[in-house]
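Chemist: To be precise about what I am sending: the file is called start-v5.cif and holds mmCIF, C-alpha atoms and all ligand atoms; chains and numbers go by the auth columns.
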```
data_input
loop_
_atom_site.group_PDB
_atom_site.id
_atom_site.type_symbol
_atom_site.label_atom_id
_atom_site.label_comp_id
_atom_site.label_asym_id
_atom_site.label_seq_id
_atom_site.Cartn_x
_atom_site.Cartn_y
_atom_site.Cartn_z
_atom_site.B_iso_or_equiv
_atom_site.auth_seq_id
_atom_site.auth_asym_id
ATOM 1 C CA MET A 1 163.946 43.383 75.993 0.00 1 A
ATOM 2 C CA ARG A 2 161.316 45.903 77.082 0.00 2 A
ATOM 3 C CA LYS A 3 158.762 46.711 74.395 0.00 3 A
ATOM 4 C CA PRO A 4 158.674 50.471 73.739 0.00 4 A
ATOM 5 C CA PHE A 5 155.513 52.074 75.039 0.00 5 A
ATOM 6 C CA ILE A 6 153.731 55.289 74.098 0.00 6 A
ATOM 7 C CA ALA A 7 150.527 56.335 75.813 0.00 7 A
ATOM 8 C CA GLY A 8 148.359 59.327 74.964 0.00 8 A
ATOM 9 C CA ASN A 9 146.568 60.923 77.907 0.00 9 A
ATOM 10 C CA TRP A 10 143.695 62.898 76.427 0.00 10 A
ATOM 11 C CA LYS A 11 142.748 64.272 79.868 0.00 11 A
ATOM 12 C CA MET A 12 139.316 65.986 79.972 0.00 12 A
ATOM 13 C CA ASN A 13 139.299 66.695 76.248 0.00 13 A
ATOM 14 C CA THR A 14 137.171 65.487 73.326 0.00 14 A
ATOM 15 C CA ASN A 15 133.503 64.615 73.207 0.00 15 A
ATOM 16 C CA LEU A 16 132.557 61.312 71.617 0.00 16 A
ATOM 17 C CA ALA A 17 132.470 62.616 68.026 0.00 17 A
ATOM 18 C CA GLU A 18 135.847 64.344 68.432 0.00 18 A
ATOM 19 C CA GLY A 19 137.389 61.283 70.061 0.00 19 A
ATOM 20 C CA LEU A 20 136.201 58.970 67.300 0.00 20 A
ATOM 21 C CA ALA A 21 137.462 61.392 64.640 0.00 21 A
ATOM 22 C CA LEU A 22 140.850 61.579 66.358 0.00 22 A
ATOM 23 C CA VAL A 23 141.207 57.796 66.459 0.00 23 A
ATOM 24 C CA LYS A 24 140.064 57.432 62.846 0.00 24 A
ATOM 25 C CA ALA A 25 142.674 59.982 61.785 0.00 25 A
ATOM 26 C CA MET A 26 145.558 57.977 63.276 0.00 26 A
ATOM 27 C CA LEU A 27 144.545 54.337 63.463 0.00 27 A
ATOM 28 C CA GLY A 28 145.830 53.358 60.027 0.00 28 A
ATOM 29 C CA ASP A 29 149.248 54.923 60.637 0.00 29 A
ATOM 30 C CA LEU A 30 149.562 53.561 64.181 0.00 30 A
ATOM 31 C CA GLU A 31 148.743 50.087 62.935 0.00 31 A
ATOM 32 C CA LYS A 32 151.955 50.141 60.884 0.00 32 A
ATOM 33 C CA LEU A 33 154.072 50.796 63.974 0.00 33 A
ATOM 34 C CA LYS A 34 153.562 47.517 65.748 0.00 34 A
ATOM 35 C CA SER A 35 156.912 47.300 67.526 0.00 35 A
ATOM 36 C CA VAL A 36 155.668 50.057 69.839 0.00 36 A
ATOM 37 C CA GLU A 37 152.896 49.323 72.312 0.00 37 A
ATOM 38 C CA THR A 38 150.564 52.244 71.710 0.00 38 A
ATOM 39 C CA VAL A 39 147.870 53.100 74.223 0.00 39 A
ATOM 40 C CA LEU A 40 145.126 55.708 73.935 0.00 40 A
ATOM 41 C CA CYS A 41 143.573 57.012 77.142 0.00 41 A
ATOM 42 C CA PRO A 42 140.311 58.792 76.280 0.00 42 A
ATOM 43 C CA PRO A 43 137.708 59.951 78.819 0.00 43 A
ATOM 44 C CA PHE A 44 135.672 57.156 80.471 0.00 44 A
ATOM 45 C CA VAL A 45 132.525 57.940 78.482 0.00 45 A
ATOM 46 C CA SER A 46 134.290 57.319 75.164 0.00 46 A
ATOM 47 C CA LEU A 47 135.995 54.061 76.120 0.00 47 A
ATOM 48 C CA GLN A 48 133.310 51.708 74.814 0.00 48 A
ATOM 49 C CA PRO A 49 132.815 53.273 71.356 0.00 49 A
ATOM 50 C CA ILE A 50 136.550 53.751 70.908 0.00 50 A
ATOM 51 C CA MET A 51 137.084 50.136 71.936 0.00 51 A
ATOM 52 C CA ASP A 52 134.595 49.166 69.195 0.00 52 A
ATOM 53 C CA LEU A 53 136.705 51.164 66.741 0.00 53 A
ATOM 54 C CA VAL A 54 140.130 49.782 67.698 0.00 54 A
ATOM 55 C CA ARG A 55 139.029 46.185 68.357 0.00 55 A
ATOM 56 C CA GLY A 56 141.207 43.793 66.365 0.00 56 A
ATOM 57 C CA SER A 57 143.951 46.408 65.900 0.00 57 A
ATOM 58 C CA SER A 58 147.298 46.612 67.704 0.00 58 A
ATOM 59 C CA ILE A 59 146.131 49.629 69.712 0.00 59 A
ATOM 60 C CA TYR A 60 145.322 49.318 73.411 0.00 60 A
ATOM 61 C CA LEU A 61 143.161 51.583 75.523 0.00 61 A
ATOM 62 C CA GLY A 62 143.694 52.970 78.986 0.00 62 A
ATOM 63 C CA ALA A 63 141.496 54.813 81.470 0.00 63 A
ATOM 64 C CA GLN A 64 142.736 57.976 83.170 0.00 64 A
ATOM 65 C CA ASN A 65 141.669 57.108 86.700 0.00 65 A
ATOM 66 C CA VAL A 66 139.531 54.712 88.687 0.00 66 A
ATOM 67 C CA TYR A 67 138.183 54.368 92.218 0.00 67 A
ATOM 68 C CA PHE A 68 139.571 51.652 94.470 0.00 68 A
ATOM 69 C CA LYS A 69 136.256 50.122 95.605 0.00 69 A
ATOM 70 C CA GLU A 70 134.572 47.410 93.602 0.00 70 A
ATOM 71 C CA SER A 71 131.029 48.798 93.927 0.00 71 A
ATOM 72 C CA GLY A 72 128.777 50.635 96.359 0.00 72 A
ATOM 73 C CA ALA A 73 127.560 54.059 97.413 0.00 73 A
ATOM 74 C CA TYR A 74 130.313 56.166 95.846 0.00 74 A
ATOM 75 C CA THR A 75 128.334 58.552 93.674 0.00 75 A
ATOM 76 C CA GLY A 76 130.067 59.509 90.487 0.00 76 A
ATOM 77 C CA GLU A 77 132.939 57.053 90.788 0.00 77 A
ATOM 78 C CA VAL A 78 133.951 54.320 88.364 0.00 78 A
ATOM 79 C CA SER A 79 135.339 51.000 89.576 0.00 79 A
ATOM 80 C CA PRO A 80 137.977 48.825 87.891 0.00 80 A
ATOM 81 C CA ARG A 81 135.301 46.154 87.390 0.00 81 A
ATOM 82 C CA MET A 82 133.256 48.563 85.243 0.00 82 A
ATOM 83 C CA ILE A 83 136.085 49.158 82.800 0.00 83 A
ATOM 84 C CA ALA A 84 137.597 45.672 82.708 0.00 84 A
ATOM 85 C CA GLY A 85 137.096 44.493 79.142 0.00 85 A
ATOM 86 C CA LEU A 86 137.139 48.054 77.824 0.00 86 A
ATOM 87 C CA CYS A 87 140.791 48.798 78.443 0.00 87 A
ATOM 88 C CA LYS A 88 144.062 47.217 79.454 0.00 88 A
ATOM 89 C CA TYR A 89 145.709 50.078 81.359 0.00 89 A
ATOM 90 C CA VAL A 90 144.726 52.693 83.938 0.00 90 A
ATOM 91 C CA ILE A 91 146.710 55.865 84.579 0.00 91 A
ATOM 92 C CA LEU A 92 147.019 56.298 88.344 0.00 92 A
ATOM 93 C CA GLY A 93 148.543 58.977 90.523 0.00 93 A
ATOM 94 C CA HIS A 94 148.738 61.559 87.749 0.00 94 A
ATOM 95 C CA SER A 95 149.953 64.836 89.224 0.00 95 A
ATOM 96 C CA GLU A 96 146.645 66.493 88.291 0.00 96 A
ATOM 97 C CA ARG A 97 144.814 63.893 90.396 0.00 97 A
ATOM 98 C CA ARG A 98 147.255 64.465 93.242 0.00 98 A
ATOM 99 C CA GLN A 99 146.943 68.258 92.966 0.00 99 A
ATOM 100 C CA TYR A 100 143.237 68.866 92.237 0.00 100 A
ATOM 101 C CA PHE A 101 141.677 65.775 93.836 0.00 101 A
ATOM 102 C CA LEU A 102 144.079 65.533 96.747 0.00 102 A
ATOM 103 C CA GLU A 103 145.126 61.955 96.051 0.00 103 A
ATOM 104 C CA THR A 104 147.769 60.793 98.497 0.00 104 A
ATOM 105 C CA ASP A 105 150.286 57.992 97.985 0.00 105 A
ATOM 106 C CA ALA A 106 148.054 55.800 100.167 0.00 106 A
ATOM 107 C CA VAL A 107 145.062 56.392 97.880 0.00 107 A
ATOM 108 C CA VAL A 108 147.209 55.768 94.816 0.00 108 A
ATOM 109 C CA ASN A 109 148.455 52.530 96.391 0.00 109 A
ATOM 110 C CA ALA A 110 144.860 51.374 97.041 0.00 110 A
ATOM 111 C CA LYS A 111 144.025 52.126 93.409 0.00 111 A
ATOM 112 C CA VAL A 112 147.086 50.249 92.118 0.00 112 A
ATOM 113 C CA LYS A 113 146.021 47.211 94.149 0.00 113 A
ATOM 114 C CA ALA A 114 142.407 47.399 92.960 0.00 114 A
ATOM 115 C CA VAL A 115 143.470 47.729 89.336 0.00 115 A
ATOM 116 C CA LEU A 116 145.851 44.759 89.544 0.00 116 A
ATOM 117 C CA ALA A 117 143.232 42.662 91.332 0.00 117 A
ATOM 118 C CA THR A 118 140.915 43.225 88.373 0.00 118 A
ATOM 119 C CA GLY A 119 143.516 42.109 85.856 0.00 119 A
ATOM 120 C CA LEU A 120 144.225 45.605 84.554 0.00 120 A
ATOM 121 C CA ALA A 121 147.674 47.200 84.452 0.00 121 A
ATOM 122 C CA PRO A 122 148.470 50.492 86.191 0.00 122 A
ATOM 123 C CA ILE A 123 150.508 53.282 84.654 0.00 123 A
ATOM 124 C CA LEU A 124 151.752 54.723 87.928 0.00 124 A
ATOM 125 C CA CYS A 125 152.750 58.380 87.630 0.00 125 A
ATOM 126 C CA VAL A 126 155.365 59.939 89.869 0.00 126 A
ATOM 127 C CA GLY A 127 157.051 63.312 89.709 0.00 127 A
ATOM 128 C CA GLU A 128 158.467 66.171 91.712 0.00 128 A
ATOM 129 C CA THR A 129 157.422 69.816 91.843 0.00 129 A
ATOM 130 C CA LEU A 130 159.717 72.583 90.673 0.00 130 A
ATOM 131 C CA GLU A 131 160.304 73.581 94.275 0.00 131 A
ATOM 132 C CA GLN A 132 161.322 70.037 95.255 0.00 132 A
ATOM 133 C CA ASN A 133 163.528 69.814 92.191 0.00 133 A
ATOM 134 C CA GLU A 134 165.308 73.060 92.991 0.00 134 A
ATOM 135 C CA ALA A 135 165.765 72.008 96.618 0.00 135 A
ATOM 136 C CA GLY A 136 167.565 68.847 95.450 0.00 136 A
ATOM 137 C CA LYS A 137 164.741 66.634 96.721 0.00 137 A
ATOM 138 C CA THR A 138 163.849 64.862 93.469 0.00 138 A
ATOM 139 C CA GLY A 139 165.389 61.514 94.464 0.00 139 A
ATOM 140 C CA GLU A 140 163.779 61.519 97.886 0.00 140 A
ATOM 141 C CA VAL A 141 160.320 62.420 96.539 0.00 141 A
ATOM 142 C CA LEU A 142 160.364 59.860 93.732 0.00 142 A
ATOM 143 C CA THR A 143 161.665 57.081 95.949 0.00 143 A
ATOM 144 C CA ARG A 144 158.831 57.730 98.380 0.00 144 A
ATOM 145 C CA GLN A 145 156.174 57.898 95.650 0.00 145 A
ATOM 146 C CA VAL A 146 157.367 54.637 94.070 0.00 146 A
ATOM 147 C CA ARG A 147 157.758 52.799 97.398 0.00 147 A
ATOM 148 C CA ASP A 148 154.398 53.994 98.743 0.00 148 A
ATOM 149 C CA GLY A 149 152.586 53.569 95.429 0.00 149 A
ATOM 150 C CA LEU A 150 153.747 49.937 95.208 0.00 150 A
ATOM 151 C CA LYS A 151 153.545 49.213 98.939 0.00 151 A
ATOM 152 C CA ASP A 152 152.645 45.602 99.788 0.00 152 A
ATOM 153 C CA ILE A 153 152.513 44.613 96.146 0.00 153 A
ATOM 154 C CA ALA A 154 154.534 41.572 95.074 0.00 154 A
ATOM 155 C CA VAL A 155 156.383 41.573 91.744 0.00 155 A
ATOM 156 C CA GLU A 156 154.001 42.651 88.970 0.00 156 A
ATOM 157 C CA LYS A 157 155.657 43.027 85.628 0.00 157 A
ATOM 158 C CA SER A 158 152.558 44.535 84.013 0.00 158 A
ATOM 159 C CA VAL A 159 153.109 47.715 86.025 0.00 159 A
ATOM 160 C CA VAL A 160 154.297 50.680 83.964 0.00 160 A
ATOM 161 C CA ILE A 161 155.829 53.707 85.693 0.00 161 A
ATOM 162 C CA ALA A 162 155.676 57.209 84.245 0.00 162 A
ATOM 163 C CA TYR A 163 158.171 59.760 85.488 0.00 163 A
ATOM 164 C CA GLU A 164 156.486 63.110 85.005 0.00 164 A
ATOM 165 C CA PRO A 165 158.229 66.080 86.580 0.00 165 A
ATOM 166 C CA ILE A 166 155.331 68.388 87.442 0.00 166 A
ATOM 167 C CA TRP A 167 157.192 71.437 86.183 0.00 167 A
ATOM 168 C CA ALA A 168 157.323 69.837 82.726 0.00 168 A
ATOM 169 C CA ILE A 169 153.651 68.888 82.336 0.00 169 A
ATOM 170 C CA GLY A 170 151.779 71.106 79.905 0.00 170 A
ATOM 171 C CA THR A 171 154.382 73.839 80.260 0.00 171 A
ATOM 172 C CA GLY A 172 156.410 73.337 77.099 0.00 172 A
ATOM 173 C CA ARG A 173 159.420 73.076 79.384 0.00 173 A
ATOM 174 C CA ALA A 174 160.519 69.444 79.045 0.00 174 A
ATOM 175 C CA ALA A 175 163.352 67.888 81.026 0.00 175 A
ATOM 176 C CA THR A 176 166.471 67.084 79.030 0.00 176 A
ATOM 177 C CA GLY A 177 166.932 63.513 77.854 0.00 177 A
ATOM 178 C CA ALA A 178 169.971 63.129 80.091 0.00 178 A
ATOM 179 C CA GLN A 179 168.127 64.459 83.173 0.00 179 A
ATOM 180 C CA ALA A 180 165.153 62.200 82.561 0.00 180 A
ATOM 181 C CA GLY A 181 167.360 59.182 81.789 0.00 181 A
ATOM 182 C CA GLN A 182 169.319 59.615 84.993 0.00 182 A
ATOM 183 C CA THR A 183 166.198 60.061 87.114 0.00 183 A
ATOM 184 C CA ILE A 184 164.529 57.044 85.543 0.00 184 A
ATOM 185 C CA GLY A 185 167.665 55.045 86.347 0.00 185 A
ATOM 186 C CA LEU A 186 167.084 56.000 89.957 0.00 186 A
ATOM 187 C CA ILE A 187 163.442 54.913 89.794 0.00 187 A
ATOM 188 C CA ARG A 188 164.560 51.563 88.364 0.00 188 A
ATOM 189 C CA HIS A 189 166.992 51.245 91.248 0.00 189 A
ATOM 190 C CA THR A 190 164.121 51.790 93.715 0.00 190 A
ATOM 191 C CA ILE A 191 162.090 49.091 91.955 0.00 191 A
ATOM 192 C CA ALA A 192 165.124 46.790 92.101 0.00 192 A
ATOM 193 C CA GLU A 193 165.207 47.291 95.878 0.00 193 A
ATOM 194 C CA LEU A 194 161.549 46.275 96.054 0.00 194 A
ATOM 195 C CA TRP A 195 161.345 43.530 93.447 0.00 195 A
ATOM 196 C CA GLY A 196 164.938 42.544 92.628 0.00 196 A
ATOM 197 C CA GLY A 197 167.205 43.713 89.832 0.00 197 A
ATOM 198 C CA GLU A 198 166.112 41.215 87.193 0.00 198 A
ATOM 199 C CA ASN A 199 162.459 42.106 87.626 0.00 199 A
ATOM 200 C CA ALA A 200 163.227 45.826 87.680 0.00 200 A
ATOM 201 C CA ASP A 201 164.972 45.413 84.337 0.00 201 A
ATOM 202 C CA GLU A 202 161.703 44.230 82.833 0.00 202 A
ATOM 203 C CA ILE A 203 159.542 47.102 84.075 0.00 203 A
ATOM 204 C CA ARG A 204 158.772 49.787 81.536 0.00 204 A
ATOM 205 C CA ILE A 205 159.449 53.306 82.709 0.00 205 A
ATOM 206 C CA LEU A 206 158.275 56.266 80.638 0.00 206 A
ATOM 207 C CA TYR A 207 159.079 59.939 80.584 0.00 207 A
ATOM 208 C CA GLY A 208 156.191 62.426 80.478 0.00 208 A
ATOM 209 C CA GLY A 209 156.145 66.212 80.312 0.00 209 A
ATOM 210 C CA SER A 210 155.813 68.322 77.140 0.00 210 A
ATOM 211 C CA VAL A 211 156.838 65.487 74.821 0.00 211 A
ATOM 212 C CA THR A 212 156.422 66.352 71.132 0.00 212 A
ATOM 213 C CA GLY A 213 157.704 65.047 67.831 0.00 213 A
ATOM 214 C CA SER A 214 160.515 67.586 68.109 0.00 214 A
ATOM 215 C CA ASN A 215 161.969 66.332 71.389 0.00 215 A
ATOM 216 C CA VAL A 216 160.893 62.690 71.703 0.00 216 A
ATOM 217 C CA THR A 217 164.105 61.390 70.115 0.00 217 A
ATOM 218 C CA GLU A 218 166.137 62.895 72.939 0.00 218 A
ATOM 219 C CA PHE A 219 164.226 60.799 75.479 0.00 219 A
ATOM 220 C CA ILE A 220 163.894 57.605 73.508 0.00 220 A
ATOM 221 C CA LYS A 221 167.651 57.524 72.853 0.00 221 A
ATOM 222 C CA GLU A 222 168.200 57.043 76.582 0.00 222 A
ATOM 223 C CA THR A 223 168.511 53.336 77.362 0.00 223 A
ATOM 224 C CA GLN A 224 166.651 53.721 80.653 0.00 224 A
ATOM 225 C CA ILE A 225 163.614 55.338 78.994 0.00 225 A
ATOM 226 C CA ASP A 226 161.140 52.936 77.425 0.00 226 A
ATOM 227 C CA GLY A 227 158.689 55.423 75.996 0.00 227 A
ATOM 228 C CA ALA A 228 156.525 58.393 76.833 0.00 228 A
ATOM 229 C CA LEU A 229 153.262 59.447 78.409 0.00 229 A
ATOM 230 C CA VAL A 230 152.044 62.198 76.107 0.00 230 A
ATOM 231 C CA GLY A 231 149.418 64.808 77.014 0.00 231 A
ATOM 232 C CA GLY A 232 148.882 67.754 74.666 0.00 232 A
ATOM 233 C CA ALA A 233 150.521 66.221 71.603 0.00 233 A
ATOM 234 C CA SER A 234 148.299 63.128 71.828 0.00 234 A
ATOM 235 C CA LEU A 235 145.318 65.265 70.814 0.00 235 A
ATOM 236 C CA LYS A 236 146.749 65.916 67.362 0.00 236 A
ATOM 237 C CA ALA A 237 146.770 62.830 65.160 0.00 237 A
ATOM 238 C CA ALA A 238 149.831 63.767 63.084 0.00 238 A
ATOM 239 C CA ASP A 239 151.879 64.734 66.154 0.00 239 A
ATOM 240 C CA PHE A 240 151.033 61.576 68.042 0.00 240 A
ATOM 241 C CA VAL A 241 151.777 59.340 65.058 0.00 241 A
ATOM 242 C CA GLU A 242 155.114 61.112 64.633 0.00 242 A
ATOM 243 C CA ILE A 243 156.012 60.429 68.284 0.00 243 A
ATOM 244 C CA VAL A 244 155.220 56.726 67.852 0.00 244 A
ATOM 245 C CA ARG A 245 157.066 56.594 64.516 0.00 245 A
ATOM 246 C CA LEU A 246 160.221 58.177 65.951 0.00 246 A
ATOM 247 C CA THR A 247 160.057 55.884 68.977 0.00 247 A
ATOM 248 C CA GLU A 248 159.970 52.835 66.738 0.00 248 A
ATOM 249 C CA LYS A 249 162.828 54.175 64.625 0.00 249 A
ATOM 250 C CA ILE A 250 165.133 55.042 67.516 0.00 250 A
ATOM 251 C CA LYS A 251 164.510 51.870 69.507 0.00 251 A
ATOM 252 C CA GLN A 252 165.086 49.732 66.414 0.00 252 A
ATOM 253 C CA GLN A 253 168.451 51.437 65.922 0.00 253 A
ATOM 254 C CA SER A 254 169.608 50.892 69.477 0.00 254 A
HETATM 255 C C1 LIG B . 150.532 64.424 80.997 0.00 1 B
HETATM 256 O O1 LIG B . 149.529 64.994 81.314 0.00 1 B
HETATM 257 O O2 LIG B . 150.724 63.254 81.390 0.00 1 B
HETATM 258 C C2 LIG B . 151.511 65.130 80.165 0.00 1 B
HETATM 259 C C3 LIG B . 152.712 64.628 80.075 0.00 1 B
HETATM 260 O O3 LIG B . 151.085 66.270 79.539 0.00 1 B
HETATM 261 P P1 LIG B . 151.909 67.131 78.437 0.00 1 B
HETATM 262 O O4 LIG B . 152.482 66.149 77.443 0.00 1 B
HETATM 263 O O5 LIG B . 150.874 68.016 77.813 0.00 1 B
HETATM 264 O O6 LIG B . 152.973 67.864 79.156 0.00 1 B
#
```
Could you spell out this file's structure in structure tokens?
Ligand code: PEP
Modeler:
Amino acid sequence: MRKPFIAGNWKMNTNLAEGLALVKAMLGDLEKLKSVETVLCPPFVSLQPIMDLVRGSSIYLGAQNVYFKESGAYTGEVSPRMIAGLCKYVILGHSERRQYFLETDAVVNAKVKAVLATGLAPILCVGETLEQNEAGKTGEVLTRQVRDGLKDIAVEKSVVIAYEPIWAIGTGRAATGAQAGQTIGLIRHTIAELWGGENADEIRILYGGSVTGSNVTEFIKETQIDGALVGGASLKAADFVEIVRLTEKIKQQS
């Protein structure tokens, strides 16, 4: 049984006061939805005070990125060691990191290794562009991103994968549940090739891309989909709580 998983990626939004207000507005409601593993991913600078706020609750925190070195002359970077103790998860390989910061699969793989070595768990994002999708290359692209992202890594059941078609992120144009379910089945197959079928069946794989309270049910109903990585809608307390609430409801029914 894979525990349902919803993560909110706040991206480069909220200052400290706004972040604290956002958490305060949803913490009580999220606390009642314990069958879902709920993760908030605020900006680095807010991790410590938000950790102080959620400590003792069922809510986990995640970072949105990290550098792969432990320490040294890497001005402006943050190492896994610096955030260990402040969060459990780290989003890696998000398409915005790949696009704007030119992160390759090799860099993502180094980050996945560094995160695991520190005892944190990666949320490894993969996804195809619209062009690749229309050219029928989705399977090929995702297989490569998963294989290269997890290269030389032995079975690690703490790893979470997020399938985020780039054309669906922040566009309001989500995939359909069926499309996402089928593609996530393919990702699970790739993990089975790497780590064996039984292990692959324990890995949580999320859908991400314009998820809201209005469409989350469609994704969560799919047996292959274990939850969602939520961008825009995670910045509104009521919307995010609704996504977690519907996830709990649907998964309890299935
Ligand atoms: C994301 O950035 O991971 C994401 C899925 O964003 P949105 O929900 O806004 O499409």
Chemist: Mind listing the residues within 6 Å of ligand LIG 1 (chain B), all atoms listed in the file counted, as a PDB file with C-alpha atoms, in the coordinates of the input?
Modeler:
```pdb
ATOM      1  CA  ASN A   9     146.568  60.923  77.907  1.00  0.00           C
ATOM      2  CA  ALA A 168     157.323  69.837  82.726  1.00  0.00           C
ATOM      3  CA  ILE A 169     153.651  68.888  82.336  1.00  0.00           C
ATOM      4  CA  GLY A 170     151.779  71.106  79.905  1.00  0.00           C
ATOM      5  CA  GLY A 208     156.191  62.426  80.478  1.00  0.00           C
ATOM      6  CA  GLY A 209     156.145  66.212  80.312  1.00  0.00           C
ATOM      7  CA  SER A 210     155.813  68.322  77.140  1.00  0.00           C
ATOM      8  CA  VAL A 211     156.838  65.487  74.821  1.00  0.00           C
ATOM      9  CA  LEU A 229     153.262  59.447  78.409  1.00  0.00           C
ATOM     10  CA  VAL A 230     152.044  62.198  76.107  1.00  0.00           C
ATOM     11  CA  GLY A 231     149.418  64.808  77.014  1.00  0.00           C
ATOM     12  CA  GLY A 232     148.882  67.754  74.666  1.00  0.00           C
TER      13      GLY A 232
END
```
Chemist: Just how far from atom CA of Ser214 of chain A is atom CA of Asp226 of chain A, in Å to one decimal?
Modeler: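 Computed distance, atom CA of Asp226 of chain A to atom CA of Ser214 of chain A, equals 17.4 Å.
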Chemist: Let me have the centre and edge lengths in Å, one decimal, of the box along x, y and z around every listed atom of segment 235-252 of chain A with 6 Å of margin on each side, as AutoDock Vina command-line options.
Modeler:
```
--center_x 155.2 --center_y 57.8 --center_z 66.9 --size_x 31.8 --size_y 28.2 --size_z 19.7
```
Chemist: Would you kindly translate the PyMOL selection byres (((chain A and resi 246-248) around 7) and not hetatm) into the concrete residues it picks from this file, as an mmCIF file with C-alpha atoms, in the coordinates of the input?
Modeler:
```cif
data_model
loop_
_atom_site.group_PDB
_atom_site.id
_atom_site.type_symbol
_atom_site.label_atom_id
_atom_site.label_comp_id
_atom_site.auth_asym_id
_atom_site.auth_seq_id
_atom_site.Cartn_x
_atom_site.Cartn_y
_atom_site.Cartn_z
ATOM 1 C CA LEU A 33 154.072 50.796 63.974
ATOM 2 C CA SER A 35 156.912 47.300 67.526
ATOM 3 C CA VAL A 36 155.668 50.057 69.839
ATOM 4 C CA THR A 217 164.105 61.390 70.115
ATOM 5 C CA ILE A 220 163.894 57.605 73.508
ATOM 6 C CA GLU A 242 155.114 61.112 64.633
ATOM 7 C CA ILE A 243 156.012 60.429 68.284
ATOM 8 C CA VAL A 244 155.220 56.726 67.852
ATOM 9 C CA ARG A 245 157.066 56.594 64.516
ATOM 10 C CA LYS A 249 162.828 54.175 64.625
ATOM 11 C CA ILE A 250 165.133 55.042 67.516
ATOM 12 C CA LYS A 251 164.510 51.870 69.507
ATOM 13 C CA GLN A 252 165.086 49.732 66.414
#
```
Chemist: Given the file shown, enumerate the residues that the PyMOL selection byres (((chain A and resi 120-128) around 7) and not hetatm) captures and present them as a ChimeraX atom specification.
Modeler: /A:84,88-94,112,115-116,118-119,129-130,132-133,138,141-142,145,158-166
Chemist: I'd like to know which of A:Val241, A:Cys41, A:Val23, A:Val216 is closest to Ala7 of chain A, using only C-alpha atoms.
Modeler: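 So, comparing all the options, the nearest one is A:Cys41.
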Chemist: Considering only C-alpha atoms, return as number ranges by chain whatever protein or nucleic-acid residues lie within 8 Å of Ile50 of chain A, sequence-local ones (same chain, fewer than 3 positions apart) excluded.
Modeler: A: 19-20, 23, 46-47, 53-54
Chemist: Next, write the just-selected residues to a file, as a PDB file, in the frame of the given file, keeping C-alpha atoms as the atom set.
Modeler:
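Saved to selection_8.pdb:
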```pdb
ATOM      1  CA  GLY A  19     137.389  61.283  70.061  1.00  0.00           C
ATOM      2  CA  LEU A  20     136.201  58.970  67.300  1.00  0.00           C
ATOM      3  CA  VAL A  23     141.207  57.796  66.459  1.00  0.00           C
ATOM      4  CA  SER A  46     134.290  57.319  75.164  1.00  0.00           C
ATOM      5  CA  LEU A  47     135.995  54.061  76.120  1.00  0.00           C
ATOM      6  CA  LEU A  53     136.705  51.164  66.741  1.00  0.00           C
ATOM      7  CA  VAL A  54     140.130  49.782  67.698  1.00  0.00           C
TER       8      VAL A  54
END
```
Chemist: Could you list the residues chosen by the PyMOL selection byres (((chain A and resi 3) around 9) and not hetatm) in this structure as a ChimeraX atom specification?
Modeler: /A:1-2,4-5,35-37,204,226-227
Chemist: Restricting the calculation to all atoms listed in the file, which member of A:Leu40, A:Ala17, A:Ala73, A:Ala25 is positioned closest to Ser234 of chain A?
Modeler: A:Leu40
Chemist: Nearest to Gly172 of chain A: which of A:Val146, A:Ile184, A:Ala117, A:Ala233 is it, counting only C-alpha atoms?
Modeler: A:Ala233
Chemist: Neighbours of segment 56-59 of chain A within 7 Å (all atoms listed in the file; same-chain residues fewer than 3 positions away dropped), as a ChimeraX atom specification?
Modeler: /A:31,34,38-39
Chemist: Expressed in Å to a single decimal, how great is the separation between atom CA of Ala175 of chain A and atom CA of Glu140 of chain A?
Modeler: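 Calculated distance between atom CA of Ala175 of chain A and atom CA of Glu140 of chain A is 18.0 Å.
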Chemist: Rank A:Ile205, A:Leu86, A:Leu22, A:Leu27 by their smallest atom-to-atom distance to Asp52 of chain A, using all atoms listed in the file, and report the top residue only.
Modeler: A:Leu86
Chemist: Can you tell me how far atom CA of Lys69 of chain A sits from atom CA of Asp105 of chain A, in Å to one decimal?
Modeler: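 Going from atom CA of Lys69 of chain A over to atom CA of Asp105 of chain A, I get 16.3 Å.
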Chemist: Report as a PyMOL selection string all protein, DNA and RNA residues lying within 6 Å of Trp195 of chain A, evaluated on all atoms listed in the file, omitting residues in the same chain fewer than 3 positions from it.
Modeler: chain A and resi 155+191-192
Chemist: For Thr212 of chain A, which of A:Asp148, A:Ile6, A:Gly197, A:Thr75 is the closest residue, counting only C-alpha atoms?
Modeler: A:Ile6
Chemist: Tell me which of A:Thr171, A:Ser71, A:Thr183, A:Asn109 sits closest to Gly149 of chain A, counting only C-alpha atoms.
Modeler: A:Asn109
Chemist: Provide segment 19-23 of chain A of the preceding structure as a file containing N, CA and C atoms, as a tab-separated table (two decimals), in the first residue's frame.
Modeler:
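part-v2.tsv was written with the following content:
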```tsv
chain	number	residue	atom	x	y	z
A	19	GLY	N	4.52	33.41	4.11
A	19	GLY	CA	4.65	31.96	4.24
A	19	GLY	C	4.06	31.47	5.56
A	20	LEU	N	4.39	32.18	6.63
A	20	LEU	CA	3.86	31.78	7.95
A	20	LEU	C	2.33	31.91	7.96
A	21	ALA	N	1.83	32.97	7.37
A	21	ALA	CA	0.36	33.18	7.33
A	21	ALA	C	-0.31	32.05	6.53
A	22	LEU	N	0.32	31.66	5.44
A	22	LEU	CA	-0.23	30.60	4.61
A	22	LEU	C	-0.29	29.28	5.39
A	23	VAL	N	0.77	28.97	6.09
A	23	VAL	CA	0.80	27.71	6.86
A	23	VAL	C	-0.24	27.78	7.99
```
